[in-house]
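*Asks:* File input33.csv below, CSV, C-alpha atoms:
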```csv
chain,number,residue,atom,x,y,z
B,36,MET,CA,-22.1,14.3,-12.9
B,37,ASN,CA,-22.4,17.8,-14.3
B,38,GLU,CA,-19.0,18.7,-15.7
B,39,LEU,CA,-19.1,22.2,-14.2
B,40,VAL,CA,-19.8,20.9,-10.7
B,41,PHE,CA,-17.0,18.4,-11.2
B,42,ILE,CA,-14.5,21.0,-12.2
B,43,ALA,CA,-15.5,23.3,-9.3
B,44,LEU,CA,-15.3,20.5,-6.7
B,45,ALA,CA,-11.9,19.4,-8.0
B,46,THR,CA,-10.5,22.9,-8.0
B,47,LEU,CA,-11.8,23.4,-4.5
B,48,MET,CA,-10.1,20.2,-3.4
B,49,PHE,CA,-6.8,21.1,-5.0
B,50,ILE,CA,-6.8,24.5,-3.3
B,51,LEU,CA,-7.5,22.9,0.0
B,52,MET,CA,-4.7,20.4,-0.5
B,53,ILE,CA,-2.2,23.1,-1.4
B,54,ALA,CA,-3.3,25.2,1.6
B,55,LEU,CA,-2.9,22.2,4.0
B,56,ALA,CA,0.5,21.3,2.5
B,57,VAL,CA,1.7,24.8,3.1
B,58,MET,CA,0.5,24.6,6.7
B,59,VAL,CA,2.4,21.4,7.1
B,60,ILE,CA,5.6,23.1,6.0
B,61,ARG,CA,5.1,26.1,8.2
B,62,SER,CA,4.1,24.3,11.3
B,63,LYS,CA,6.8,24.0,14.0
B,64,ASP,CA,4.7,21.5,16.0
B,65,LEU,CA,5.5,18.2,14.3
B,66,ILE,CA,2.5,16.2,15.6
B,67,LYS,CA,0.2,18.9,14.2
B,68,ALA,CA,2.2,18.7,10.9
B,69,ALA,CA,1.7,14.9,10.8
B,70,ILE,CA,-2.1,15.2,11.3
B,71,LEU,CA,-2.4,18.0,8.7
B,72,LEU,CA,-0.4,15.7,6.3
B,73,SER,CA,-3.0,13.0,6.8
B,74,GLY,CA,-5.6,15.6,6.0
B,75,VAL,CA,-3.9,16.1,2.6
B,76,SER,CA,-4.1,12.4,1.9
B,77,LEU,CA,-7.8,12.3,2.9
B,78,ILE,CA,-8.6,15.1,0.4
B,79,ALA,CA,-6.4,13.3,-2.2
B,80,SER,CA,-8.4,10.2,-1.8
B,81,PHE,CA,-11.6,12.2,-2.3
B,82,VAL,CA,-10.1,13.5,-5.6
B,83,PHE,CA,-9.3,10.0,-6.7
B,84,VAL,CA,-13.0,9.1,-6.1
B,85,LEU,CA,-14.0,12.1,-8.3
B,86,LEU,CA,-11.6,10.8,-11.0
B,87,ARG,CA,-13.3,7.3,-10.8
B,88,ALA,CA,-10.4,5.5,-9.3
B,89,PRO,CA,-11.9,4.0,-6.2
B,90,ASP,CA,-9.1,1.4,-5.9
B,91,VAL,CA,-6.5,4.0,-5.6
B,92,ALA,CA,-8.7,6.1,-3.3
B,93,MET,CA,-9.0,3.2,-0.8
B,94,ALA,CA,-5.3,2.7,-0.8
B,95,GLU,CA,-4.6,6.4,-0.3
B,96,ALA,CA,-7.2,6.8,2.4
B,97,SER,CA,-6.0,3.8,4.4
B,98,ILE,CA,-2.2,4.1,3.9
B,99,GLY,CA,-1.8,7.9,3.5
B,100,SER,CA,-4.2,9.2,6.1
B,101,ALA,CA,-4.2,6.4,8.7
B,102,LEU,CA,-1.0,4.4,8.8
B,103,THR,CA,1.5,7.1,7.7
B,104,ALA,CA,0.3,9.6,10.3
B,105,ILE,CA,0.4,7.2,13.2
B,106,ILE,CA,3.9,5.9,12.2
B,107,LEU,CA,5.1,9.5,12.0
B,108,VAL,CA,3.5,10.2,15.4
B,109,PHE,CA,5.3,7.2,17.0
B,110,ALA,CA,8.6,8.4,15.5
B,111,ILE,CA,8.0,12.0,16.8
B,112,LYS,CA,7.2,10.7,20.3
B,113,LYS,CA,10.6,9.0,20.4
B,114,THR,CA,12.4,12.3,19.4
B,115,ASN,CA,11.3,15.9,19.8
B,116,ARG,CA,7.9,17.2,19.3
B,117,PHE,CA,8.9,20.8,18.4
B,118,GLU,CA,11.3,22.0,15.7
B,119,GLU,CA,14.2,24.2,16.8
B,120,GLY,CA,13.0,27.6,17.8
B,121,GLY,CA,9.4,26.7,17.8
B,122,GLU,CA,8.9,25.4,21.3
B,123,GLU,CA,6.0,27.0,23.1
B,124,LYS,CA,6.6,28.2,26.7
L,52,MET,CA,40.1,18.2,7.4
L,53,MET,CA,36.6,17.2,8.5
L,54,GLU,CA,35.3,17.3,5.0
L,55,ARG,CA,38.1,15.2,3.7
L,56,THR,CA,37.5,12.4,6.2
L,57,THR,CA,33.7,12.3,5.4
L,58,PHE,CA,34.4,12.2,1.7
L,59,HIS,CA,37.0,9.5,2.3
L,60,ARG,CA,34.4,7.4,4.2
L,61,SER,CA,31.7,7.8,1.6
L,62,LEU,CA,34.0,6.6,-1.3
L,63,PRO,CA,32.9,3.0,-1.0
L,64,ALA,CA,29.3,4.0,-0.9
L,65,ILE,CA,29.7,6.1,-4.0
L,66,ALA,CA,31.6,3.3,-5.8
L,67,LEU,CA,28.8,0.9,-4.9
L,68,ALA,CA,26.1,3.3,-6.1
L,69,LEU,CA,28.0,3.8,-9.4
L,70,LEU,CA,28.4,0.0,-9.9
L,71,PHE,CA,24.7,-0.5,-9.2
L,72,ALA,CA,23.8,2.3,-11.6
L,73,ALA,CA,26.0,0.8,-14.3
L,74,THR,CA,24.4,-2.7,-13.8
L,75,LEU,CA,20.9,-1.2,-14.1
L,76,PHE,CA,22.0,0.8,-17.2
L,77,VAL,CA,23.4,-2.4,-18.9
L,78,ALA,CA,20.2,-4.3,-18.0
L,79,PHE,CA,17.7,-1.7,-19.2
L,80,VAL,CA,19.5,0.0,-22.1
L,81,GLU,CA,17.9,-2.4,-24.5
L,82,VAL,CA,14.3,-1.9,-23.3
L,83,ASP,CA,12.4,0.8,-25.1
L,84,PHE,CA,10.2,2.3,-22.5
L,85,GLY,CA,7.0,4.0,-23.4
L,86,GLU,CA,6.6,2.3,-26.8
L,87,PRO,CA,3.3,0.6,-27.6
L,88,ARG,CA,3.9,-3.1,-27.5
L,89,ILE,CA,1.1,-4.3,-29.7
L,90,GLU,CA,1.2,-2.2,-32.8
L,91,GLU,CA,3.1,0.9,-33.7
L,92,GLU,CA,0.1,3.1,-34.0
L,93,LEU,CA,-1.1,6.1,-32.1
L,94,PRO,CA,-3.4,5.3,-29.1
L,95,VAL,CA,-7.1,5.6,-29.6
L,96,ASN,CA,-9.2,7.7,-27.2
L,97,TYR,CA,-11.6,5.5,-25.4
L,98,GLN,CA,-14.8,6.8,-23.9
L,99,PRO,CA,-16.4,4.8,-21.0
L,100,GLY,CA,-19.3,2.7,-22.2
L,101,GLU,CA,-18.1,2.7,-25.8
L,102,GLU,CA,-18.2,-0.5,-27.7
L,103,ILE,CA,-14.6,-1.7,-28.4
L,104,ASP,CA,-13.7,-2.6,-31.9
L,105,THR,CA,-12.0,-6.0,-31.2
L,106,GLU,CA,-10.6,-6.1,-34.7
L,107,ASN,CA,-8.6,-2.9,-34.4
L,108,ILE,CA,-6.9,-2.9,-31.0
L,109,THR,CA,-3.9,-0.6,-30.8
L,110,THR,CA,-3.0,-0.2,-27.2
L,111,PRO,CA,-2.5,-2.6,-24.2
L,112,GLY,CA,-5.2,-0.7,-22.4
L,113,LEU,CA,-7.8,-1.3,-25.0
L,114,ARG,CA,-6.8,-4.9,-25.2
L,115,TYR,CA,-7.3,-5.4,-21.5
L,116,LEU,CA,-10.7,-3.6,-21.7
L,117,ALA,CA,-11.8,-5.9,-24.5
L,118,ASN,CA,-10.6,-9.2,-23.1
L,119,SER,CA,-10.1,-9.0,-19.4
L,120,SER,CA,-13.5,-10.5,-18.2
L,121,GLU,CA,-13.1,-13.4,-20.7
L,122,GLU,CA,-9.4,-14.1,-20.0
L,123,THR,CA,-9.3,-13.5,-16.2
L,124,GLY,CA,-12.9,-13.8,-15.1
L,125,SER,CA,-12.5,-10.8,-12.9
L,126,ALA,CA,-15.3,-8.1,-12.8
L,127,ASN,CA,-12.8,-5.5,-11.5
L,128,LEU,CA,-10.5,-4.5,-14.3
L,129,VAL,CA,-7.9,-3.1,-11.9
L,130,THR,CA,-7.6,-6.4,-10.2
L,131,ALA,CA,-7.3,-8.2,-13.6
L,132,VAL,CA,-4.3,-6.0,-14.5
L,133,VAL,CA,-2.6,-5.9,-11.1
L,134,VAL,CA,-2.8,-9.6,-10.3
L,135,ASN,CA,-3.3,-11.3,-13.7
L,136,TYR,CA,-1.5,-9.4,-16.4
L,137,ARG,CA,1.0,-7.8,-14.1
L,138,GLY,CA,1.2,-10.4,-11.4
L,139,PHE,CA,5.0,-10.6,-11.4
L,140,ASP,CA,5.2,-6.8,-10.7
L,141,THR,CA,2.8,-7.3,-7.8
L,142,LEU,CA,5.2,-10.0,-6.4
L,143,GLY,CA,8.0,-7.5,-6.7
L,144,GLU,CA,5.9,-4.9,-4.9
L,145,VAL,CA,5.1,-7.3,-2.0
L,146,THR,CA,8.9,-8.0,-1.8
L,147,ILE,CA,9.7,-4.3,-1.6
L,148,LEU,CA,7.2,-3.9,1.2
L,149,PHE,CA,8.7,-6.9,3.0
L,150,LEU,CA,12.2,-5.5,2.6
L,151,ALA,CA,11.1,-2.1,3.9
L,152,ALA,CA,9.5,-3.6,7.0
L,153,THR,CA,12.5,-5.8,7.6
L,154,GLY,CA,14.8,-2.7,7.3
L,155,VAL,CA,12.8,-0.8,9.8
L,156,GLY,CA,12.9,-3.7,12.2
L,157,ALA,CA,16.7,-4.0,11.7
L,158,LEU,CA,17.3,-0.3,12.3
L,159,LEU,CA,15.1,-0.1,15.3
L,160,SER,CA,16.7,-3.1,16.9
L,161,PHE,CA,19.9,-1.0,17.3
L,162,ILE,CA,18.1,1.6,19.3
L,163,LYS,CA,17.6,1.0,23.0
L,164,ASP,CA,15.3,3.0,25.1
L,165,ASP,CA,16.9,5.4,27.5
L,166,ASP,CA,16.4,4.8,31.2
L,167,GLU,CA,15.0,8.3,31.5
L,168,LYS,CA,12.3,7.6,29.0
L,169,LYS,CA,11.4,4.3,30.5
L,170,LYS,CA,10.7,5.9,33.8
L,171,LYS,CA,7.9,7.9,32.2
L,172,LYS,CA,4.6,6.4,33.3
L,173,ILE,CA,2.4,5.1,30.5
L,174,LEU,CA,-0.9,6.9,30.7
L,175,PRO,CA,-3.8,4.5,30.6
L,176,PRO,CA,-6.3,5.2,27.7
L,177,SER,CA,-9.6,6.8,28.4
L,178,LEU,CA,-12.6,4.6,29.1
L,179,ILE,CA,-14.3,5.7,25.9
L,180,LEU,CA,-11.3,4.8,23.8
L,181,ASN,CA,-10.9,1.5,25.5
L,182,LYS,CA,-14.5,0.3,25.2
L,183,GLY,CA,-15.1,1.9,21.9
L,184,ALA,CA,-12.1,0.2,20.4
L,185,ARG,CA,-13.4,-3.2,21.6
L,186,LEU,CA,-16.7,-2.5,19.9
L,187,VAL,CA,-15.2,-1.2,16.6
L,188,LEU,CA,-12.2,-3.5,16.2
L,189,PRO,CA,-14.1,-6.7,15.0
L,190,LEU,CA,-16.0,-4.6,12.5
L,191,ILE,CA,-12.9,-3.0,11.1
L,192,ILE,CA,-11.2,-6.4,10.7
L,193,LEU,CA,-14.4,-7.8,9.1
L,194,PHE,CA,-14.4,-4.9,6.6
L,195,GLY,CA,-10.7,-5.5,5.8
L,196,VAL,CA,-11.4,-9.2,5.1
L,197,TYR,CA,-14.4,-8.2,3.0
L,198,VAL,CA,-12.3,-5.8,0.9
L,199,PHE,CA,-9.6,-8.4,0.0
L,200,LEU,CA,-12.1,-11.3,-0.4
L,201,HIS,CA,-14.1,-9.2,-2.9
L,202,GLY,CA,-11.0,-7.8,-4.7
L,203,HIS,CA,-12.0,-9.3,-8.0
L,204,LEU,CA,-15.6,-8.0,-7.8
L,205,SER,CA,-15.5,-4.5,-6.2
L,206,PRO,CA,-12.9,-1.8,-5.7
L,207,GLY,CA,-10.1,-2.8,-3.4
L,208,GLY,CA,-8.0,-5.8,-3.0
L,209,GLY,CA,-5.2,-7.4,-1.0
L,210,PHE,CA,-3.2,-4.2,-0.3
L,211,GLN,CA,-6.2,-2.1,0.7
L,212,GLY,CA,-7.8,-4.9,2.8
L,213,GLY,CA,-4.5,-5.7,4.5
L,214,VAL,CA,-3.9,-2.0,5.4
L,215,ILE,CA,-7.4,-1.7,6.8
L,216,ILE,CA,-6.8,-4.7,9.1
L,217,ALA,CA,-3.5,-3.2,10.1
L,218,SER,CA,-5.1,0.1,11.0
L,219,GLY,CA,-7.7,-1.8,13.1
L,220,MET,CA,-4.7,-3.4,15.0
L,221,LEU,CA,-3.3,0.1,15.4
L,222,LEU,CA,-6.5,1.1,17.2
L,223,PHE,CA,-6.1,-1.9,19.4
L,224,TYR,CA,-2.5,-0.8,20.2
L,225,ILE,CA,-3.6,2.7,21.1
L,226,ALA,CA,-6.5,1.4,23.2
L,227,GLU,CA,-4.4,-1.3,25.0
L,228,PRO,CA,-0.9,0.1,25.4
L,229,THR,CA,0.4,-2.7,27.5
L,230,LYS,CA,-0.8,-5.6,25.3
L,231,GLY,CA,0.4,-6.6,21.9
L,232,ALA,CA,0.2,-9.4,19.3
L,233,SER,CA,2.9,-12.0,19.4
L,234,HIS,CA,5.8,-11.3,17.1
L,235,LYS,CA,6.1,-15.1,16.4
L,236,VAL,CA,2.5,-15.4,15.3
L,237,ILE,CA,2.8,-12.3,13.1
L,238,SER,CA,5.9,-13.5,11.3
L,239,ILE,CA,4.5,-17.0,10.9
L,240,ILE,CA,1.4,-15.6,9.2
L,241,GLU,CA,3.5,-13.3,7.1
L,242,SER,CA,5.9,-16.0,5.8
L,243,THR,CA,3.0,-18.5,5.2
L,244,ALA,CA,1.2,-15.9,3.1
L,245,GLY,CA,4.3,-15.0,1.1
L,246,LEU,CA,5.0,-18.7,0.4
L,247,ALA,CA,1.3,-19.2,-0.6
L,248,PHE,CA,1.7,-16.4,-3.2
L,249,ILE,CA,4.8,-18.1,-4.7
L,250,GLY,CA,3.1,-21.5,-4.5
L,251,LEU,CA,0.1,-20.1,-6.4
L,252,GLY,CA,2.5,-18.8,-9.0
L,253,ILE,CA,4.1,-22.3,-9.3
L,254,VAL,CA,0.6,-23.7,-9.9
L,255,GLY,CA,0.6,-21.6,-13.1
L,256,LEU,CA,3.9,-23.3,-14.1
L,257,MET,CA,2.3,-26.7,-13.8
L,258,THR,CA,-0.9,-26.1,-15.6
L,259,ALA,CA,-1.6,-25.7,-19.3
L,260,SER,CA,0.2,-22.4,-20.1
L,261,LYS,CA,3.4,-23.2,-18.2
L,262,ILE,CA,4.0,-19.6,-17.2
L,263,PHE,CA,4.8,-18.4,-13.7
L,264,LEU,CA,1.7,-16.8,-12.0
L,265,ALA,CA,-0.5,-17.8,-15.0
L,266,ASN,CA,-4.2,-18.0,-14.3
L,267,ASP,CA,-5.5,-21.0,-16.2
L,268,PHE,CA,-8.6,-21.7,-14.2
L,269,ALA,CA,-10.2,-18.4,-15.1
L,270,GLY,CA,-13.0,-19.8,-17.1
L,271,ASP,CA,-13.5,-23.0,-15.2
L,272,TRP,CA,-14.7,-21.7,-11.8
L,273,GLY,CA,-18.0,-19.8,-11.6
L,274,GLU,CA,-19.2,-16.9,-13.7
L,275,VAL,CA,-17.9,-13.4,-14.0
L,276,GLY,CA,-19.2,-11.4,-11.0
L,277,MET,CA,-19.7,-14.4,-8.6
L,278,LEU,CA,-17.7,-14.7,-5.4
L,279,VAL,CA,-16.2,-18.0,-6.6
L,280,SER,CA,-14.8,-16.9,-10.0
L,281,ALA,CA,-11.7,-15.5,-11.6
L,282,GLY,CA,-9.6,-18.7,-11.0
L,283,LEU,CA,-6.6,-18.0,-8.8
L,284,LEU,CA,-7.1,-14.3,-8.5
L,285,PRO,CA,-9.1,-14.3,-5.2
L,286,LEU,CA,-6.7,-16.8,-3.7
L,287,ILE,CA,-3.7,-14.6,-4.6
L,288,TYR,CA,-5.5,-11.6,-3.1
L,289,ILE,CA,-6.2,-13.5,0.1
L,290,ALA,CA,-2.5,-14.3,0.4
L,291,ILE,CA,-1.6,-10.7,-0.3
L,292,GLY,CA,-4.2,-9.5,2.2
L,293,PHE,CA,-2.8,-11.6,5.0
L,294,LYS,CA,0.8,-10.7,4.1
L,295,VAL,CA,0.3,-7.0,4.0
L,296,GLY,CA,-1.9,-7.0,7.1
L,297,SER,CA,0.6,-8.9,9.2
L,298,GLU,CA,3.5,-6.9,7.8
L,299,MET,CA,2.0,-3.6,8.5
L,300,THR,CA,0.9,-4.7,12.0
L,301,GLY,CA,4.5,-5.8,12.7
L,302,LEU,CA,5.8,-2.5,11.4
L,303,VAL,CA,3.4,-0.5,13.7
L,304,GLU,CA,4.3,-2.7,16.6
L,305,LYS,CA,8.1,-2.2,16.0
L,306,MET,CA,7.6,1.6,15.7
L,307,ARG,CA,5.6,1.7,18.9
L,308,GLY,CA,8.4,0.0,20.8
L,309,ASP,CA,7.7,-1.0,24.5
L,310,GLY,CA,4.7,0.8,25.7
L,311,SER,CA,4.0,4.6,25.3
```
Could you express the structure from this file as structure tokens?

*Replies:*
Amino acid sequence: MNELVFIALATLMFILMIALAVMVIRSKDLIKAAILLSGVSLIASFVFVLLRAPDVAMAEASIGSALTAIILVFAIKKTNRFEEGGEEK
Amino acid sequence: MMERTTFHRSLPAIALALLFAATLFVAFVEVDFGEPRIEEELPVNYQPGEEIDTENITTPGLRYLANSSEETGSANLVTAVVVNYRGFDTLGEVTILFLAATGVGALLSFIKDDDEKKKKKILPPSLILNKGARLVLPLIILFGVYVFLHGHLSPGGGFQGGVIIASGMLLFYIAEPTKGASHKVISIIESTAGLAFIGLGIVGLMTASKIFLANDFAGDWGEVGMLVSAGLLPLIYIAIGFKVGSEMTGLVEKMRGDGS
């Protein structure tokens, strides 16, 4: 792969990851936060593919973006969906 | 007053943590982490595709690159390191996963669902989800089995394959909220797979090299790159795949609780 394309793609992915992570912190809706968090993992697994680490990418995609999100959603369903002060009327 | 009682209560925990830290310190103070184990030379930069000078190997990484296909018969270098050279670490990793799943189960067993929440009606899943899950579930499980069966040939392995199977079961749980796999069957599969891993390690004790988790059949079975090759590595990965798959399925089932 062309080195410039590689650097540009990787930088784009890193910016997207940071943006998504900030959205996770700012979100008051916890289910939305869990789904955004799985998006962070999905982009991270793409970065691992770019860095030629397909083994790690598979683990990140399956654990990070599928199982973690669903386990968090199950936990949120048993407690409260909204953070304090963030409940929509 | 309040602070004092909480501090008083946490004293045993602090003492235990300090004792644990002291034990770890005594155990690991002798180990020099980060030192090259083969020769005391600076690591050499390796470029992919480069021919390795086998006479002048200075780092463990270069040693694995040069000898892994000969010593382990695995076409996937990551698998060679994870299961062959660092097999004992993998056993520890599987144990940690097992302890985490057991801990979640133990914690959740204390929580009982409130009556109020039980009265909530479970919404049936939509037709598309229900029928689509039935169509896709066998394919996901087949892919998971493929991933851990080909761990020594292509990227992936026991952990990844097991988690893919578990996410397939997760889809099943969402599509069929009232049904679930039997806890008994899950725990039987899990313990059998764990015992199989240890058993394959003991095989290494009995064969030529007399080392736990040694892989002495590497050169005897098949050629590098064939499905039947790499000695015990595929068998260990099958055991790990079953163990991780059943463990994660059990974890998801415990988190789901009854319905909803």

*Asks:* As a ChimeraX atom specification, could you give me every residue of chain L near chain B (at most 9 Å apart, counting all atoms listed in the file)?

*Replies:* /L:129,164,168,205-208,210-212,214-215,217-218,221,299,302-303,306-308,311

*Asks:* Taking only C-alpha atoms into account, which of L:Ala226, L:Leu174, L:Ile249, L:Ala281 comes nearest Leu186 (chain L)?

*Replies:* L:Ala226

*Asks:* When you count only C-alpha atoms, which of these residues is closest to Trp272 (chain L): L:Phe79, L:Ser119, L:Ser125, L:His201?

*Replies:*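 That would be L:Ser125, the residue with the smallest distance to Trp272 (chain L).
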
*Asks:* What's the separation between CA of Ile291 (chain L) and CA of Asn118 (chain L), in Å to one decimal place?

*Replies:*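 These two atoms are separated by 24.6 Å.
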
*Asks:* What separation in Å, quoted to one decimal, exists between CA of Pro175 (chain L) and CA of Thr229 (chain L)?

*Replies:*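 Here the two named atoms are 8.9 Å from each other.
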
*Asks:* Calculate how many Å separate CA of Leu150 (chain L) from CA of Gly99 (chain B), rounding to one decimal.

*Replies:*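 Spanning CA of Leu150 (chain L) to CA of Gly99 (chain B) is a straight-line distance of 19.4 Å.
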
*Asks:* Show me as an NGL selection string the residues that reach within 10 Å of (3.6, -14.2, 9.4), counting all atoms listed in the file and using the file's own coordinates.

*Replies:* :L and (234-245 or 293-298 or 301)

*Asks:* From the set B:Glu119, B:Val82, B:Glu38, B:Ile111, which residue has the shortest atom-to-atom contact distance to Ala68 (chain B), counting only C-alpha atoms?

*Replies:* B:Ile111

*Asks:* Residues near Leu71 (chain B), anyone? I mean within 8 Å using only C-alpha atoms, not counting same-chain ones fewer than 5 positions away, as a ChimeraX atom specification.

*Replies:* /B:55-56,58-59
